[in-house]
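**Q** What follows is a single structure, and I will ask about it in a moment.
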Amino acid sequence: MLVARLLELDAAGALTSAHVRAGAQVGGVNVRTVWRWLDAARTEGRMERRPRARLELSDQMWAVLAQAGGNVAALHRHLKATGGEVPSLASLHRVVRRDLQAGRVLPDRAVARRERDEHQTRQALADLALAGPSEAGAAKVAARRLPRLAPEATSGLPVGQSGALAGVALPAGARLVRTSWVRAVAEAVGQAMAVQGAVCVFGDAGRGKTAAVRMALGEVPPGWKVTWVPVPVRPSVAGMRRAVFDALALAGRFPHTSARADAAVAGALGEARVLVVDEAQRLPVPCLEYLQSLWDHPGTRITLVLVGAGSERALSRLPQLASRVVAWQEVPRLTGAEVASVVTGFHPLWRTVPAPDLTWIDHSCAHGTFRTWAALTAHLQNALLTTADAVVDRALLRLLFKRVAPPL
């Protein structure tokens, strides 16, 4: 308004330096600042401040920051080393603080380092498995290479060429097997979808809960969508809000207020959708209350699937949400009667092993845990591919047990 009044005086030819000084005193600014405002209004027709460019950090910058354990100075040094225009250290601190307060989650440094080490280990194992054999043992190793299985809808769910179903890591040549507990999980999820309720899939670690849910949701009825929501490390309500927003792949940037973010999420959940929260045992009560608020929202149509070892104990901390669970489904260990049929259907390596030996392996090492069987399969496969004269016997298996079982 001050600039507009000064322009009116200027147009009438009555503007003097005394008016400008008085305007600077009223606005609490320097006289030269008022003259600059007048010049911008005359030349650009602009009577408001020029909007400042907003500094944003790319996902690559956030990855560098996570590797540095949240050290903004390390990110600043990295940007200087890569060249180009580099913002000041104070600006980087301000942007990181702003985005963290808005719900951005910075992974713990130990978790980021462990994920990097695990990725490098998996890559090294893959390189060992794909390395060319020596000429002397080439024929024997080639003869032992595993055939690629054709899909069989009645016995299992085929995996992709990489040896893994989406979200489930499996050894090359493996396939998921529809066991009795996989069918039970599918029935429980189907019952929850029928009433748009909640279901809790629990059981000890490594029993195949995530794989069972993925198989159950492999083919959903027309009109339904499935969204997997990863639980952040050290989850907070802001972190869960951001995780749900990102999992739904909503357009635009994450809103800077919780009200706008909740409105965007609720709008996307207005269509029939299964919301799967894996590793739900990590969730504190405030995060569970946030998920309950999404389920209770009058405009949403969701079936909530909570998966995790100990997820039933996490839900017991919030009776309001636990009372909405229409099915509690435990995934048990493999029984002795199931082991032979399951592992021979899981991977062709075990089809040549007698049933008594499979029972001995389960009693000695796997103890009915599906993840242990998968790890043992990968180690056995690698041993056969990298050792020319290796044979599947109890001596080799005892050696592999030490790699799979934790030290006492």
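Going through the structure tokens in order, the chains are called A, B, and so on, while each chain numbers its residues from 1 and the ligands are numbered from 1 in the order shown.
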Can you tell me, as a ChimeraX atom specification, what residues are no more than 12 Å from Arg333 (chain A) when counting only C-alpha atoms, ignoring any on the same chain fewer than 4 positions away?

**A** /A:179-182,202-209,337-339,342,362,366-373

**Q** What lies within 9 Å of Ala243 (chain A) using only C-alpha atoms, ignoring chain neighbours under 2 positions off, as a PyMOL selection string?

**A** chain A and resi 103-105+229-232+238-241+245-248

**Q** As a VMD selection string, which residues of region 230-381 of chain A does DSSP assign to strand (DSSP E or B)?

**A** chain A and resid 230 273 to 278 302 to 307 325 to 330

**Q** CA of Ala264 (chain A) and CA of Ala314 (chain A) are how many Å apart?

**A**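 Computing it gives 27.2 Å between the two atoms.
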
**Q** Return the single residue from A:Gly190, A:Pro255, A:Pro221, A:Pro171 that is closest to Leu380 (chain A), with distances computed using only C-alpha atoms.

**A**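 Counting only C-alpha atoms, the residue closest to Leu380 (chain A) is A:Pro171.
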
**Q** Could you list, as a PDB file with N, CA and C atoms, in the first residue's frame, every residue within 8 Å of region 55-63 of chain A, counting only C-alpha atoms and ignoring same-chain residues fewer than 5 positions away?

**A**
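Contents of the output file around.pdb:
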```
ATOM      1  N   LEU A  75      27.663 -33.591   3.585  1.00  0.00           N
ATOM      2  CA  LEU A  75      26.930 -33.368   2.341  1.00  0.00           C
ATOM      3  C   LEU A  75      27.454 -32.128   1.624  1.00  0.00           C
ATOM      4  N   VAL A  95      17.375 -26.233   5.171  1.00  0.00           N
ATOM      5  CA  VAL A  95      16.520 -27.069   4.319  1.00  0.00           C
ATOM      6  C   VAL A  95      16.332 -28.450   4.939  1.00  0.00           C
ATOM      7  N   LEU A 106      15.055 -39.550   7.868  1.00  0.00           N
ATOM      8  CA  LEU A 106      16.450 -39.798   7.531  1.00  0.00           C
ATOM      9  C   LEU A 106      16.854 -41.141   8.129  1.00  0.00           C
TER      10      LEU A 106
END
```

**Q** Residues within 12 Å of Arg5 (chain A), please, as a ChimeraX atom specification. Count only C-alpha atoms; anything in the same chain fewer than 3 positions from it doesn't count.

**A** /A:1-2,8-12,14-15,19-20,23,38,41,47

**Q** Would you work out the distance separating CA of Gln196 (chain A) from CA of Ile302 (chain A), expressed in Å to one decimal?

**A**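 Atom-to-atom, CA of Gln196 (chain A) and CA of Ile302 (chain A) are spaced 5.8 Å apart.
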
**Q** Please measure the separation of CA of Cys365 (chain A) and CA of Ala378 (chain A), giving the value in Å to one decimal.

**A**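 Here the two named atoms are 14.5 Å from each other.
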
**Q** Do you know which residues are at most 12 Å from Val195 (chain A) counting only C-alpha atoms, after dropping those on the same chain fewer than 3 positions away, and could you put them as a PyMOL selection string?

**A** chain A and resi 188-192+198-199+272+274+301-304+324-327

**Q** Next, dump the selected residues to file, keeping only C-alpha atoms, as a compact mmCIF listing (two decimals), in the first residue's frame.

**A**
```
# COMPACT_ATOMS: atom_id res chain seq x y z
CA ALA A 188 -8.23 -64.45 6.33
CA VAL A 189 -7.35 -61.58 3.97
CA GLY A 190 -10.36 -62.37 1.82
CA GLN A 191 -12.67 -62.25 4.83
CA ALA A 192 -11.27 -58.86 5.81
CA ALA A 198 -8.47 -55.34 9.40
CA VAL A 199 -6.42 -58.53 9.58
CA ALA A 272 -11.34 -49.92 -2.67
CA VAL A 274 -5.83 -53.09 0.55
CA ARG A 301 -12.58 -47.72 1.68
CA ILE A 302 -9.60 -49.72 2.90
CA THR A 303 -8.78 -53.15 4.22
CA LEU A 304 -5.89 -52.91 6.66
CA ARG A 324 -11.50 -53.87 14.52
CA VAL A 325 -9.41 -56.90 13.50
CA VAL A 326 -11.73 -59.44 11.92
CA ALA A 327 -9.09 -62.18 11.56
```

**Q** Looking only at alpha helix (DSSP H) from DSSP on the backbone, list the matching residues of region 27-86 of chain A as an mmCIF file with N, CA, C and O atoms, in the first residue's frame.

**A**
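Result file follows (result-v9.cif):
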```cif
data_model
loop_
_atom_site.group_PDB
_atom_site.id
_atom_site.type_symbol
_atom_site.label_atom_id
_atom_site.label_comp_id
_atom_site.auth_asym_id
_atom_site.auth_seq_id
_atom_site.Cartn_x
_atom_site.Cartn_y
_atom_site.Cartn_z
ATOM 1 N N GLY A 27 7.757 2.253 7.133
ATOM 2 C CA GLY A 27 8.003 0.839 6.812
ATOM 3 C C GLY A 27 9.138 0.234 7.603
ATOM 4 O O GLY A 27 9.349 -0.992 7.531
ATOM 5 N N VAL A 31 16.011 4.258 3.331
ATOM 6 C CA VAL A 31 15.469 5.104 2.258
ATOM 7 C C VAL A 31 15.783 4.511 0.896
ATOM 8 O O VAL A 31 14.947 4.533 -0.024
ATOM 9 N N ARG A 32 16.995 3.963 0.759
ATOM 10 C CA ARG A 32 17.353 3.383 -0.539
ATOM 11 C C ARG A 32 16.463 2.193 -0.888
ATOM 12 O O ARG A 32 16.200 1.931 -2.060
ATOM 13 N N THR A 33 16.015 1.475 0.132
ATOM 14 C CA THR A 33 15.101 0.352 -0.129
ATOM 15 C C THR A 33 13.790 0.851 -0.727
ATOM 16 O O THR A 33 13.245 0.252 -1.671
ATOM 17 N N VAL A 34 13.263 1.970 -0.213
ATOM 18 C CA VAL A 34 12.024 2.523 -0.761
ATOM 19 C C VAL A 34 12.229 2.976 -2.202
ATOM 20 O O VAL A 34 11.362 2.762 -3.069
ATOM 21 N N TRP A 35 13.380 3.604 -2.490
ATOM 22 C CA TRP A 35 13.643 3.989 -3.877
ATOM 23 C C TRP A 35 13.717 2.761 -4.799
ATOM 24 O O TRP A 35 13.251 2.810 -5.949
ATOM 25 N N ARG A 36 14.295 1.650 -4.301
ATOM 26 C CA ARG A 36 14.338 0.422 -5.115
ATOM 27 C C ARG A 36 12.939 -0.117 -5.344
ATOM 28 O O ARG A 36 12.609 -0.604 -6.430
ATOM 29 N N TRP A 37 12.069 -0.033 -4.333
ATOM 30 C CA TRP A 37 10.683 -0.474 -4.515
ATOM 31 C C TRP A 37 9.993 0.352 -5.593
ATOM 32 O O TRP A 37 9.273 -0.198 -6.445
ATOM 33 N N LEU A 38 10.208 1.641 -5.554
ATOM 34 C CA LEU A 38 9.593 2.501 -6.559
ATOM 35 C C LEU A 38 10.124 2.199 -7.950
ATOM 36 O O LEU A 38 9.360 2.170 -8.935
ATOM 37 N N ASP A 39 11.429 1.950 -8.056
ATOM 38 C CA ASP A 39 12.004 1.639 -9.365
ATOM 39 C C ASP A 39 11.437 0.328 -9.908
ATOM 40 O O ASP A 39 11.133 0.219 -11.104
ATOM 41 N N ALA A 40 11.294 -0.706 -9.046
ATOM 42 C CA ALA A 40 10.724 -1.978 -9.491
ATOM 43 C C ALA A 40 9.269 -1.809 -9.908
ATOM 44 O O ALA A 40 8.805 -2.416 -10.882
ATOM 45 N N ALA A 41 8.522 -0.948 -9.196
ATOM 46 C CA ALA A 41 7.122 -0.727 -9.562
ATOM 47 C C ALA A 41 7.010 -0.017 -10.909
ATOM 48 O O ALA A 41 6.113 -0.308 -11.711
ATOM 49 N N ARG A 42 7.925 0.940 -11.183
ATOM 50 C CA ARG A 42 7.868 1.662 -12.458
ATOM 51 C C ARG A 42 8.282 0.774 -13.628
ATOM 52 O O ARG A 42 7.640 0.786 -14.684
ATOM 53 N N THR A 43 9.360 -0.010 -13.450
ATOM 54 C CA THR A 43 9.918 -0.785 -14.568
ATOM 55 C C THR A 43 9.268 -2.158 -14.745
ATOM 56 O O THR A 43 9.128 -2.644 -15.864
ATOM 57 N N GLU A 44 8.884 -2.811 -13.639
ATOM 58 C CA GLU A 44 8.367 -4.179 -13.722
ATOM 59 C C GLU A 44 6.884 -4.267 -13.388
ATOM 60 O O GLU A 44 6.277 -5.334 -13.571
ATOM 61 N N ASP A 59 16.735 -36.681 -4.138
ATOM 62 C CA ASP A 59 16.825 -37.982 -3.455
ATOM 63 C C ASP A 59 18.272 -38.443 -3.359
ATOM 64 O O ASP A 59 18.653 -39.102 -2.379
ATOM 65 N N GLN A 60 19.080 -38.104 -4.366
ATOM 66 C CA GLN A 60 20.495 -38.476 -4.322
ATOM 67 C C GLN A 60 21.216 -37.760 -3.174
ATOM 68 O O GLN A 60 22.035 -38.344 -2.473
ATOM 69 N N MET A 61 20.881 -36.487 -2.967
ATOM 70 C CA MET A 61 21.486 -35.751 -1.855
ATOM 71 C C MET A 61 21.064 -36.356 -0.517
ATOM 72 O O MET A 61 21.878 -36.462 0.413
ATOM 73 N N TRP A 62 19.784 -36.757 -0.407
ATOM 74 C CA TRP A 62 19.328 -37.392 0.830
ATOM 75 C C TRP A 62 20.047 -38.713 1.049
ATOM 76 O O TRP A 62 20.326 -39.101 2.195
ATOM 77 N N ALA A 63 20.333 -39.443 -0.037
ATOM 78 C CA ALA A 63 21.070 -40.702 0.096
ATOM 79 C C ALA A 63 22.483 -40.450 0.618
ATOM 80 O O ALA A 63 22.987 -41.182 1.480
ATOM 81 N N VAL A 64 23.143 -39.397 0.094
ATOM 82 C CA VAL A 64 24.478 -39.042 0.581
ATOM 83 C C VAL A 64 24.407 -38.645 2.057
ATOM 84 O O VAL A 64 25.260 -39.026 2.864
ATOM 85 N N LEU A 65 23.387 -37.892 2.416
ATOM 86 C CA LEU A 65 23.218 -37.465 3.808
ATOM 87 C C LEU A 65 22.983 -38.669 4.719
ATOM 88 O O LEU A 65 23.497 -38.716 5.849
ATOM 89 N N ALA A 66 22.213 -39.660 4.246
ATOM 90 C CA ALA A 66 21.974 -40.866 5.054
ATOM 91 C C ALA A 66 23.267 -41.643 5.253
ATOM 92 O O ALA A 66 23.550 -42.127 6.359
ATOM 93 N N GLN A 67 24.084 -41.771 4.181
ATOM 94 C CA GLN A 67 25.353 -42.479 4.299
ATOM 95 C C GLN A 67 26.288 -41.770 5.280
ATOM 96 O O GLN A 67 27.110 -42.398 5.934
ATOM 97 N N VAL A 72 25.379 -32.813 7.861
ATOM 98 C CA VAL A 72 25.124 -31.867 6.775
ATOM 99 C C VAL A 72 26.441 -31.320 6.218
ATOM 100 O O VAL A 72 26.556 -31.044 5.022
ATOM 101 N N ALA A 73 27.449 -31.159 7.081
ATOM 102 C CA ALA A 73 28.753 -30.678 6.605
ATOM 103 C C ALA A 73 29.368 -31.656 5.609
ATOM 104 O O ALA A 73 30.003 -31.240 4.622
ATOM 105 N N ALA A 74 29.179 -32.965 5.843
ATOM 106 C CA ALA A 74 29.691 -33.961 4.894
ATOM 107 C C ALA A 74 28.979 -33.838 3.553
ATOM 108 O O ALA A 74 29.595 -33.976 2.489
ATOM 109 N N LEU A 75 27.663 -33.591 3.585
ATOM 110 C CA LEU A 75 26.930 -33.368 2.341
ATOM 111 C C LEU A 75 27.454 -32.128 1.624
ATOM 112 O O LEU A 75 27.601 -32.119 0.394
ATOM 113 N N HIS A 76 27.747 -31.066 2.380
ATOM 114 C CA HIS A 76 28.267 -29.833 1.789
ATOM 115 C C HIS A 76 29.616 -30.081 1.120
ATOM 116 O O HIS A 76 29.870 -29.603 -0.005
ATOM 117 N N ARG A 77 30.483 -30.862 1.765
ATOM 118 C CA ARG A 77 31.775 -31.201 1.152
ATOM 119 C C ARG A 77 31.594 -32.042 -0.099
ATOM 120 O O ARG A 77 32.323 -31.869 -1.101
ATOM 121 N N HIS A 78 30.627 -32.959 -0.066
ATOM 122 C CA HIS A 78 30.362 -33.790 -1.243
ATOM 123 C C HIS A 78 29.906 -32.940 -2.428
ATOM 124 O O HIS A 78 30.356 -33.151 -3.567
ATOM 125 N N LEU A 79 29.029 -31.974 -2.176
ATOM 126 C CA LEU A 79 28.547 -31.110 -3.250
ATOM 127 C C LEU A 79 29.684 -30.258 -3.812
ATOM 128 O O LEU A 79 29.751 -30.018 -5.026
ATOM 129 N N LYS A 80 30.583 -29.802 -2.935
ATOM 130 C CA LYS A 80 31.732 -29.039 -3.422
ATOM 131 C C LYS A 80 32.628 -29.898 -4.306
ATOM 132 O O LYS A 80 33.148 -29.429 -5.330
ATOM 133 N N ALA A 81 32.815 -31.160 -3.918
ATOM 134 C CA ALA A 81 33.694 -32.044 -4.683
ATOM 135 C C ALA A 81 33.115 -32.370 -6.044
ATOM 136 O O ALA A 81 33.857 -32.551 -7.019
ATOM 137 N N THR A 82 31.776 -32.445 -6.140
ATOM 138 C CA THR A 82 31.147 -32.770 -7.428
ATOM 139 C C THR A 82 31.071 -31.567 -8.349
ATOM 140 O O THR A 82 30.784 -31.722 -9.542
#
```

**Q** Near region 282-298 of chain A, within 7 Å and counting only C-alpha atoms, which residues show up once chain neighbours fewer than 5 positions away are dropped, as a ChimeraX atom specification?

**A** /A:235-237,240,266,314,317-318,321
